[in-house]
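For reference, run_5.cif is printed below; it contains mmCIF, C-alpha atoms and all ligand atoms.
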```
data_entry
loop_
_atom_site.label_atom_id
_atom_site.label_comp_id
_atom_site.auth_asym_id
_atom_site.auth_seq_id
_atom_site.Cartn_x
_atom_site.Cartn_y
_atom_site.Cartn_z
CA MET K 1 -42.68 245.75 176.16
CA ARG K 2 -45.06 245.91 173.20
CA LYS K 3 -43.62 246.38 169.73
CA LYS K 4 -43.88 249.67 167.87
CA ILE K 5 -44.71 249.02 164.23
CA VAL K 6 -45.03 251.06 161.07
CA ALA K 7 -46.60 248.89 158.36
CA GLY K 8 -47.16 249.93 154.75
CA ASN K 9 -50.20 248.67 152.87
CA TRP K 10 -49.50 249.10 149.17
CA LYS K 11 -53.08 248.02 148.32
CA MET K 12 -53.40 247.39 144.54
CA ASN K 13 -50.46 249.58 143.57
CA LYS K 14 -47.00 249.00 142.03
CA ASN K 15 -46.24 246.65 139.17
CA PHE K 16 -43.46 244.13 139.66
CA GLN K 17 -40.53 246.38 138.74
CA GLU K 18 -41.93 249.38 140.64
CA GLY K 19 -42.24 247.17 143.71
CA ILE K 20 -38.65 246.00 143.40
CA ASP K 21 -37.47 249.61 143.03
CA ILE K 22 -39.19 250.83 146.19
CA ALA K 23 -38.06 247.75 148.16
CA ASN K 24 -34.45 248.36 147.08
CA GLU K 25 -34.70 251.98 148.23
CA LEU K 26 -36.08 250.85 151.58
CA VAL K 27 -33.27 248.34 152.07
CA LYS K 28 -30.68 250.98 151.20
CA ASP K 29 -32.05 253.76 153.40
CA PHE K 30 -33.62 251.90 156.33
CA ASN K 31 -31.79 252.41 159.59
CA PRO K 32 -33.45 250.35 162.31
CA SER K 33 -33.35 252.67 165.30
CA ASP K 34 -34.18 250.04 167.90
CA SER K 35 -35.05 246.32 167.79
CA ASN K 36 -38.42 247.08 169.35
CA LYS K 37 -39.45 249.28 166.39
CA LYS K 38 -40.47 247.31 163.30
CA LEU K 39 -40.92 248.38 159.70
CA VAL K 40 -43.25 246.09 157.71
CA VAL K 41 -44.22 246.15 154.03
CA CYS K 42 -47.49 244.57 152.82
CA PRO K 43 -47.30 244.48 149.01
CA PRO K 44 -49.60 242.69 146.55
CA PHE K 45 -49.05 238.91 146.30
CA ILE K 46 -46.89 239.09 143.15
CA HIS K 47 -44.16 240.91 145.09
CA LEU K 48 -43.93 238.69 148.15
CA SER K 49 -41.35 236.20 146.96
CA ALA K 50 -38.97 238.80 145.48
CA LEU K 51 -39.30 241.12 148.49
CA ALA K 52 -38.65 238.24 150.89
CA GLU K 53 -35.29 237.81 149.18
CA LEU K 54 -34.51 241.53 149.18
CA PHE K 55 -35.47 241.90 152.85
CA ASP K 56 -33.66 238.74 153.92
CA LYS K 57 -30.57 240.51 155.23
CA SER K 58 -32.44 243.59 156.44
CA GLU K 59 -34.70 244.03 159.44
CA ILE K 60 -37.71 244.86 157.27
CA GLY K 61 -40.74 242.63 157.87
CA LEU K 62 -42.96 241.24 155.13
CA GLY K 63 -46.76 241.09 155.21
CA ALA K 64 -49.55 240.08 152.83
CA GLN K 65 -52.87 241.86 152.38
CA ASN K 66 -55.23 238.89 152.46
CA CYS K 67 -55.51 235.11 152.65
CA HIS K 68 -58.28 232.57 152.19
CA THR K 69 -60.32 230.96 154.95
CA SER K 70 -59.40 227.42 153.82
CA GLY K 71 -56.06 225.62 153.81
CA LYS K 72 -56.18 224.61 150.13
CA GLY K 73 -58.45 223.44 147.36
CA ALA K 74 -60.76 224.55 144.58
CA PHE K 75 -60.84 228.29 145.31
CA THR K 76 -59.78 229.83 142.02
CA GLY K 77 -57.90 233.07 142.42
CA GLU K 78 -57.29 232.70 146.15
CA ILE K 79 -54.11 232.38 148.24
CA SER K 80 -53.68 230.21 151.35
CA SER K 81 -51.73 230.97 154.52
CA GLU K 82 -49.47 228.03 153.69
CA MET K 83 -48.57 229.64 150.36
CA LEU K 84 -47.84 232.91 152.18
CA LYS K 85 -45.65 231.07 154.65
CA SER K 86 -43.73 229.37 151.84
CA VAL K 87 -42.50 232.81 150.69
CA HIS K 88 -41.56 233.87 154.24
CA THR K 89 -44.52 236.14 154.94
CA GLN K 90 -44.59 237.14 158.61
CA TYR K 91 -47.74 239.28 158.82
CA CYS K 92 -51.07 239.48 157.01
CA LEU K 93 -53.80 242.13 157.06
CA VAL K 94 -57.21 240.82 158.07
CA GLY K 95 -60.47 242.73 157.81
CA HIS K 96 -59.27 245.87 156.10
CA SER K 97 -62.27 248.16 155.57
CA GLU K 98 -61.87 247.87 151.79
CA ARG K 99 -62.25 244.09 152.04
CA ARG K 100 -65.21 244.45 154.38
CA ALA K 101 -66.87 246.92 151.99
CA PHE K 102 -66.03 245.48 148.54
CA PHE K 103 -65.76 241.78 149.33
CA PHE K 104 -68.37 241.62 152.09
CA GLU K 105 -66.06 239.99 154.64
CA ASP K 106 -67.89 239.32 157.88
CA ASN K 107 -66.82 238.40 161.41
CA GLU K 108 -67.01 234.64 160.85
CA GLU K 109 -64.87 234.84 157.72
CA LEU K 110 -62.35 237.08 159.46
CA TYR K 111 -62.12 234.63 162.34
CA GLN K 112 -61.38 231.76 159.91
CA LYS K 113 -58.69 233.87 158.23
CA CYS K 114 -57.04 234.62 161.58
CA LYS K 115 -57.07 230.91 162.43
CA GLN K 116 -55.51 229.92 159.09
CA LEU K 117 -52.75 232.48 159.58
CA LEU K 118 -52.03 231.57 163.18
CA VAL K 119 -51.70 227.87 162.35
CA LYS K 120 -48.90 228.89 160.00
CA GLU K 121 -47.41 231.29 162.55
CA ILE K 122 -48.20 234.38 160.49
CA GLN K 123 -49.23 237.36 162.61
CA PRO K 124 -52.64 238.83 161.69
CA ILE K 125 -52.83 242.62 161.57
CA PHE K 126 -56.51 242.86 162.40
CA CYS K 127 -58.15 246.06 161.12
CA CYS K 128 -61.20 247.73 162.62
CA GLY K 129 -62.76 251.14 162.22
CA GLU K 130 -66.06 252.95 161.91
CA LEU K 131 -67.75 254.71 158.99
CA LEU K 132 -68.41 258.44 159.09
CA GLU K 133 -72.15 257.78 159.64
CA ASP K 134 -71.31 255.63 162.68
CA ARG K 135 -69.27 258.42 164.20
CA LYS K 136 -71.92 261.06 163.44
CA GLU K 137 -74.48 258.91 165.22
CA GLY K 138 -72.17 258.35 168.17
CA GLU K 139 -71.99 254.63 167.43
CA HIS K 140 -68.25 254.31 166.84
CA PHE K 141 -67.51 252.51 170.11
CA ASP K 142 -70.30 249.98 169.44
CA VAL K 143 -69.04 249.33 165.91
CA ILE K 144 -65.49 248.70 167.09
CA GLU K 145 -66.74 246.50 169.91
CA ASP K 146 -68.66 244.38 167.42
CA GLN K 147 -65.69 244.10 165.03
CA LEU K 148 -63.38 243.04 167.88
CA GLU K 149 -65.68 240.07 168.70
CA VAL K 150 -63.68 238.10 166.11
CA LEU K 151 -60.62 238.20 168.34
CA TRP K 152 -62.22 237.03 171.57
CA LYS K 153 -62.82 233.62 170.01
CA LEU K 154 -59.06 233.09 169.77
CA SER K 155 -57.12 231.41 172.54
CA LYS K 156 -54.89 233.70 174.61
CA THR K 157 -51.81 232.14 173.02
CA ASP K 158 -53.16 232.88 169.54
CA PHE K 159 -54.34 236.36 170.49
CA GLU K 160 -50.86 237.30 171.69
CA LYS K 161 -49.66 237.12 168.05
CA VAL K 162 -52.31 239.57 166.82
CA VAL K 163 -51.59 243.21 166.01
CA ILE K 164 -54.65 245.49 165.94
CA ALA K 165 -55.00 248.42 163.56
CA TYR K 166 -57.62 251.11 164.12
CA GLU K 167 -58.50 252.70 160.79
CA PRO K 168 -61.49 255.05 160.81
CA VAL K 169 -62.96 254.62 157.32
CA TRP K 170 -63.58 258.36 156.99
CA ALA K 171 -59.84 259.00 157.34
CA ILE K 172 -58.65 256.43 154.76
CA GLY K 173 -57.32 258.05 151.60
CA THR K 174 -59.24 261.25 152.33
CA GLY K 175 -56.46 263.42 153.71
CA GLU K 176 -58.60 263.85 156.82
CA THR K 177 -56.62 262.31 159.68
CA ALA K 178 -58.22 261.54 163.02
CA THR K 179 -56.83 263.93 165.60
CA ALA K 180 -54.29 262.44 167.97
CA GLU K 181 -56.94 262.76 170.71
CA GLN K 182 -59.56 260.90 168.66
CA ALA K 183 -57.05 258.13 167.91
CA GLN K 184 -55.96 257.90 171.55
CA GLU K 185 -59.58 257.71 172.73
CA ILE K 186 -60.34 254.70 170.51
CA HIS K 187 -56.98 253.01 171.11
CA ALA K 188 -57.50 253.25 174.86
CA PHE K 189 -60.98 251.80 174.39
CA ILE K 190 -59.58 248.91 172.32
CA ARG K 191 -56.91 248.24 174.95
CA SER K 192 -59.54 248.25 177.70
CA GLN K 193 -61.55 245.69 175.73
CA VAL K 194 -58.46 243.50 175.35
CA ALA K 195 -57.83 243.81 179.11
CA GLU K 196 -61.39 242.77 179.87
CA LYS K 197 -61.33 239.71 177.57
CA MET K 198 -57.69 238.62 177.64
CA GLY K 199 -56.29 240.17 180.83
CA GLU K 200 -54.18 243.22 181.72
CA THR K 201 -50.81 241.74 180.82
CA ILE K 202 -51.84 240.75 177.32
CA ALA K 203 -53.50 244.16 176.85
CA GLU K 204 -50.28 245.92 177.83
CA ASN K 205 -48.37 243.82 175.30
CA THR K 206 -50.77 244.32 172.37
CA SER K 207 -49.61 246.66 169.62
CA ILE K 208 -52.41 248.93 168.37
CA LEU K 209 -51.64 250.86 165.16
CA TYR K 210 -53.43 253.89 163.73
CA GLY K 211 -54.27 254.10 160.02
CA GLY K 212 -55.93 256.79 157.91
CA SER K 213 -54.08 259.62 156.14
CA CYS K 214 -51.07 259.17 158.39
CA LYS K 215 -48.00 260.87 156.95
CA ALA K 216 -44.58 262.06 158.07
CA SER K 217 -45.99 265.47 159.03
CA ASN K 218 -48.64 264.17 161.45
CA ALA K 219 -47.10 260.84 162.55
CA ALA K 220 -45.07 262.17 165.48
CA GLU K 221 -48.13 263.71 167.11
CA LEU K 222 -50.21 260.55 166.66
CA PHE K 223 -47.38 258.31 167.90
CA SER K 224 -46.83 260.49 170.96
CA LYS K 225 -50.10 259.20 172.42
CA PRO K 226 -49.66 256.43 175.00
CA ASP K 227 -51.90 253.87 173.30
CA VAL K 228 -50.83 254.53 169.71
CA ASP K 229 -48.08 252.03 168.97
CA GLY K 230 -47.41 252.94 165.36
CA GLY K 231 -49.24 253.19 162.07
CA LEU K 232 -50.75 251.31 159.15
CA ILE K 233 -49.93 253.46 156.16
CA GLY K 234 -51.54 253.52 152.70
CA GLY K 235 -50.68 256.33 150.29
CA ALA K 236 -47.58 257.52 152.14
CA ALA K 237 -46.09 254.00 152.04
CA LEU K 238 -45.76 254.18 148.25
CA LYS K 239 -42.64 256.36 148.38
CA ALA K 240 -39.67 255.06 150.35
CA GLU K 241 -38.70 258.48 151.64
CA ASP K 242 -42.20 259.29 152.93
CA PHE K 243 -42.59 255.84 154.48
CA LEU K 244 -39.24 256.00 156.25
CA GLY K 245 -40.10 259.51 157.43
CA ILE K 246 -43.09 258.01 159.24
CA TYR K 247 -40.93 255.23 160.72
CA ASN K 248 -38.50 257.83 161.98
CA ALA K 249 -41.36 259.47 163.90
CA LEU K 250 -41.84 256.30 166.00
P1 LIG D 301 -54.13 256.01 153.69
O1 LIG D 301 -52.87 256.12 154.51
O2 LIG D 301 -53.88 256.18 152.20
O3 LIG D 301 -55.23 256.88 154.21
O4 LIG D 301 -54.65 254.48 153.83
C1 LIG D 301 -54.71 253.92 155.09
C2 LIG D 301 -54.99 252.47 154.93
O5 LIG D 301 -56.05 252.07 154.49
C3 LIG D 301 -53.91 251.53 155.29
O6 LIG D 301 -54.38 250.23 155.37
#
```

What does this structure look like when you write it as structure tokens?
Amino acid sequence: MRKKIVAGNWKMNKNFQEGIDIANELVKDFNPSDSNKKLVVCPPFIHLSALAELFDKSEIGLGAQNCHTSGKGAFTGEISSEMLKSVHTQYCLVGHSERRAFFFEDNEELYQKCKQLLVKEIQPIFCCGELLEDRKEGEHFDVIEDQLEVLWKLSKTDFEKVVIAYEPVWAIGTGETATAEQAQEIHAFIRSQVAEKMGETIAENTSILYGGSCKASNAAELFSKPDVDGGLIGGAALKAEDFLGIYNAL
């Protein structure tokens, strides 16, 4: 059975002490309801090591927000998958729309990042999603199809470690959530693409998360859809109570 996951992307928020405070609250209040339902926190790099220690005895998973395409070397300011692994990182976002837009990450680069992570047994959370213009022009399926090309280059064994997150760019940080029907339509499309390229069994086992203004008040409706296996949460992951409220809707 595929995993249900609620992952929090802190983006560039929380200084060191603020991060520790929220992580402590999560550890204190998190009640894992079922071993198939995961809670994952993706903080900035500076928090990873401390949060790995805090989460050690809890069931909370730890993810990073980015890694470099190379294993090591003269890449000032960058972080490798090996470094992430050394602080017990289990997941890493790849291809978030903010990285595509502000850091011009393209399919080839995203493929290299996935490979680096998979070599170190870190699970990529691969993000895809269309712009508002794409949707207005009826091109959203084509855009997603193109973004997913990255994943078809992976072996089946590698692909099985990947979590997919659908995040329509027009819904990120805007307060405008996709309707549960819109999310379901795209998630079903993504799953059908996985079935076509990787086979039915792998498609059934792939977790596909929704992201974009997801909060405790709308999570239950989104998660009730058959192909929505959880959420990738931005703003509402910055308060433990709100974040756990979303988890409890799984
Ligand atoms: P918001 O939940 O703030 O819309 O952000 C979603 C997101 O980008 C998570 O990666």

Quiz item: Can I get the residues close to ligand LIG 301 (chain D) as a PyMOL selection string, where close means within 6 Å and we count only C-alpha atoms and all ligand atoms?
Solution: chain K and resi 9+171-173+211-214+232-236

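Distances here use only C-alpha atoms; by that measure, the residue among K:Ala101, K:Ile208, K:Ala23, K:Val163 closest to K:Lys225 is K:Ile208.
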
With distances taken over all atoms listed in the file, the candidate from K:Asp34, K:Asp158, K:Gly138, K:Met12 nearest K:Val119 is K:Asp158

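Take the candidates K:Leu118, K:Val194, K:Val41, K:Val87 and check each one against K:Trp152 using all atoms listed in the file; the shortest distance goes to K:Val194.
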
Show me, as an MDAnalysis selection string, the residues that have an atom within 8 Å of K:His140 when counting all atoms listed in the file, minus same-chain residues fewer than 4 positions from it. chainID K and resid 129:131 134:135 144

Using all atoms listed in the file, which protein or nucleic acid residues come within 10 Å of K:Val27? Drop anything in the same chain fewer than 2 positions from it, and give the result as a count of residues only. 15

Who sits within 12 Å of K:Asp21, all atoms listed in the file, same chain under 6 positions skipped, as a JSON list (two decimals) with C-alpha atoms, in the frame of the given file:
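Ended up saving to out-v6.json:
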```json
[["chain", "number", "residue", "atom", "x", "y", "z"],
["K", 14, "LYS", "CA", -47.00, 249.00, 142.03],
["K", 15, "ASN", "CA", -46.24, 246.65, 139.17],
["K", 27, "VAL", "CA", -33.27, 248.34, 152.07],
["K", 28, "LYS", "CA", -30.68, 250.98, 151.20],
["K", 47, "HIS", "CA", -44.16, 240.91, 145.09],
["K", 50, "ALA", "CA", -38.97, 238.80, 145.48],
["K", 51, "LEU", "CA", -39.30, 241.12, 148.49],
["K", 54, "LEU", "CA", -34.51, 241.53, 149.18],
["K", 238, "LEU", "CA", -45.76, 254.18, 148.25],
["K", 239, "LYS", "CA", -42.64, 256.36, 148.38],
["K", 240, "ALA", "CA", -39.67, 255.06, 150.35]]
```

Give me the box for stretch 227-237 of chain K as JSON, namely the centre and edge lengths in Å to one decimal of a box along x, y and z that holds every listed atom plus 6 Å on each side.
```
{"center_x": -49.0, "center_y": 254.4, "center_z": 161.8, "size_x": 17.8, "size_y": 18.2, "size_z": 35.0}
```

Students should find that atom CA of K:Gly231 and atom CA of K:Tyr210 are spaced 4.6 Å

inquiry  = Which residues are near stretch 67-78 of chain K? Cut-off 9 Å, all atoms listed in the file, ignore same chain within fewer than 3 positions. Put them as a list in words.
reply    = Ala64, Ser81, Glu82, Leu84, Cys92, Leu93, Val94, Glu109, Leu110, Tyr111, Gln112, Lys113, Cys114, Lys115, Gln116 and Leu117 of chain K

Could you turn the residues from that selection into a file that holds C-alpha atoms, as a CSV table (one decimal), in the coordinates of the input?
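Output contents, as saved in out-v4.csv:
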```
chain,number,residue,atom,x,y,z
K,64,ALA,CA,-49.6,240.1,152.8
K,81,SER,CA,-51.7,231.0,154.5
K,82,GLU,CA,-49.5,228.0,153.7
K,84,LEU,CA,-47.8,232.9,152.2
K,92,CYS,CA,-51.1,239.5,157.0
K,93,LEU,CA,-53.8,242.1,157.1
K,94,VAL,CA,-57.2,240.8,158.1
K,109,GLU,CA,-64.9,234.8,157.7
K,110,LEU,CA,-62.4,237.1,159.5
K,111,TYR,CA,-62.1,234.6,162.3
K,112,GLN,CA,-61.4,231.8,159.9
K,113,LYS,CA,-58.7,233.9,158.2
K,114,CYS,CA,-57.0,234.6,161.6
K,115,LYS,CA,-57.1,230.9,162.4
K,116,GLN,CA,-55.5,229.9,159.1
K,117,LEU,CA,-52.8,232.5,159.6
```

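If you measure from each of K:Glu145, K:Ala216, K:Val162, K:Thr179 to K:Glu196 using only C-alpha atoms, the closest one turns out to be K:Glu145.
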
Quick one: stretch 100-122 of chain K with N, CA and C atoms, as a compact mmCIF listing (two decimals), in the frame of the given file?
```
# COMPACT_ATOMS: atom_id res chain seq x y z
N ARG K 100 -63.87 244.55 153.78
CA ARG K 100 -65.21 244.45 154.38
C ARG K 100 -66.25 245.05 153.42
N ALA K 101 -65.90 246.21 152.82
CA ALA K 101 -66.87 246.92 151.99
C ALA K 101 -67.04 246.28 150.61
N PHE K 102 -65.94 245.94 149.94
CA PHE K 102 -66.03 245.48 148.54
C PHE K 102 -66.16 243.97 148.41
N PHE K 103 -65.73 243.24 149.43
CA PHE K 103 -65.76 241.78 149.33
C PHE K 103 -66.62 241.17 150.44
N PHE K 104 -67.35 242.03 151.12
CA PHE K 104 -68.37 241.62 152.09
C PHE K 104 -67.84 240.66 153.15
N GLU K 105 -66.63 240.88 153.62
CA GLU K 105 -66.06 239.99 154.64
C GLU K 105 -66.75 240.24 155.99
N ASP K 106 -67.21 239.17 156.60
CA ASP K 106 -67.89 239.32 157.88
C ASP K 106 -67.07 238.70 159.02
N ASN K 107 -67.58 238.84 160.24
CA ASN K 107 -66.82 238.40 161.41
C ASN K 107 -66.42 236.93 161.34
N GLU K 108 -67.33 236.06 160.89
CA GLU K 108 -67.01 234.64 160.85
C GLU K 108 -65.86 234.37 159.88
N GLU K 109 -65.92 235.02 158.72
CA GLU K 109 -64.87 234.84 157.72
C GLU K 109 -63.52 235.36 158.26
N LEU K 110 -63.59 236.48 158.94
CA LEU K 110 -62.35 237.08 159.46
C LEU K 110 -61.74 236.19 160.56
N TYR K 111 -62.61 235.57 161.32
CA TYR K 111 -62.12 234.63 162.34
C TYR K 111 -61.40 233.45 161.67
N GLN K 112 -62.00 232.90 160.61
CA GLN K 112 -61.38 231.76 159.91
C GLN K 112 -60.03 232.17 159.31
N LYS K 113 -59.96 233.39 158.80
CA LYS K 113 -58.69 233.87 158.23
C LYS K 113 -57.62 233.96 159.33
N CYS K 114 -58.01 234.52 160.46
CA CYS K 114 -57.04 234.62 161.58
C CYS K 114 -56.54 233.22 161.95
N LYS K 115 -57.46 232.26 162.04
CA LYS K 115 -57.07 230.91 162.43
C LYS K 115 -56.08 230.31 161.42
N GLN K 116 -56.40 230.46 160.14
CA GLN K 116 -55.51 229.92 159.09
C GLN K 116 -54.11 230.52 159.22
N LEU K 117 -54.05 231.81 159.48
CA LEU K 117 -52.75 232.48 159.58
C LEU K 117 -51.99 232.01 160.81
N LEU K 118 -52.70 231.91 161.92
CA LEU K 118 -52.03 231.57 163.18
C LEU K 118 -51.49 230.15 163.16
N VAL K 119 -52.19 229.25 162.49
CA VAL K 119 -51.70 227.87 162.35
C VAL K 119 -50.34 227.88 161.66
N LYS K 120 -50.17 228.80 160.74
CA LYS K 120 -48.90 228.89 160.00
C LYS K 120 -47.93 229.89 160.64
N GLU K 121 -48.26 230.33 161.82
CA GLU K 121 -47.41 231.29 162.55
C GLU K 121 -47.18 232.59 161.79
N ILE K 122 -48.23 233.05 161.12
CA ILE K 122 -48.20 234.38 160.49
C ILE K 122 -49.04 235.29 161.39
```
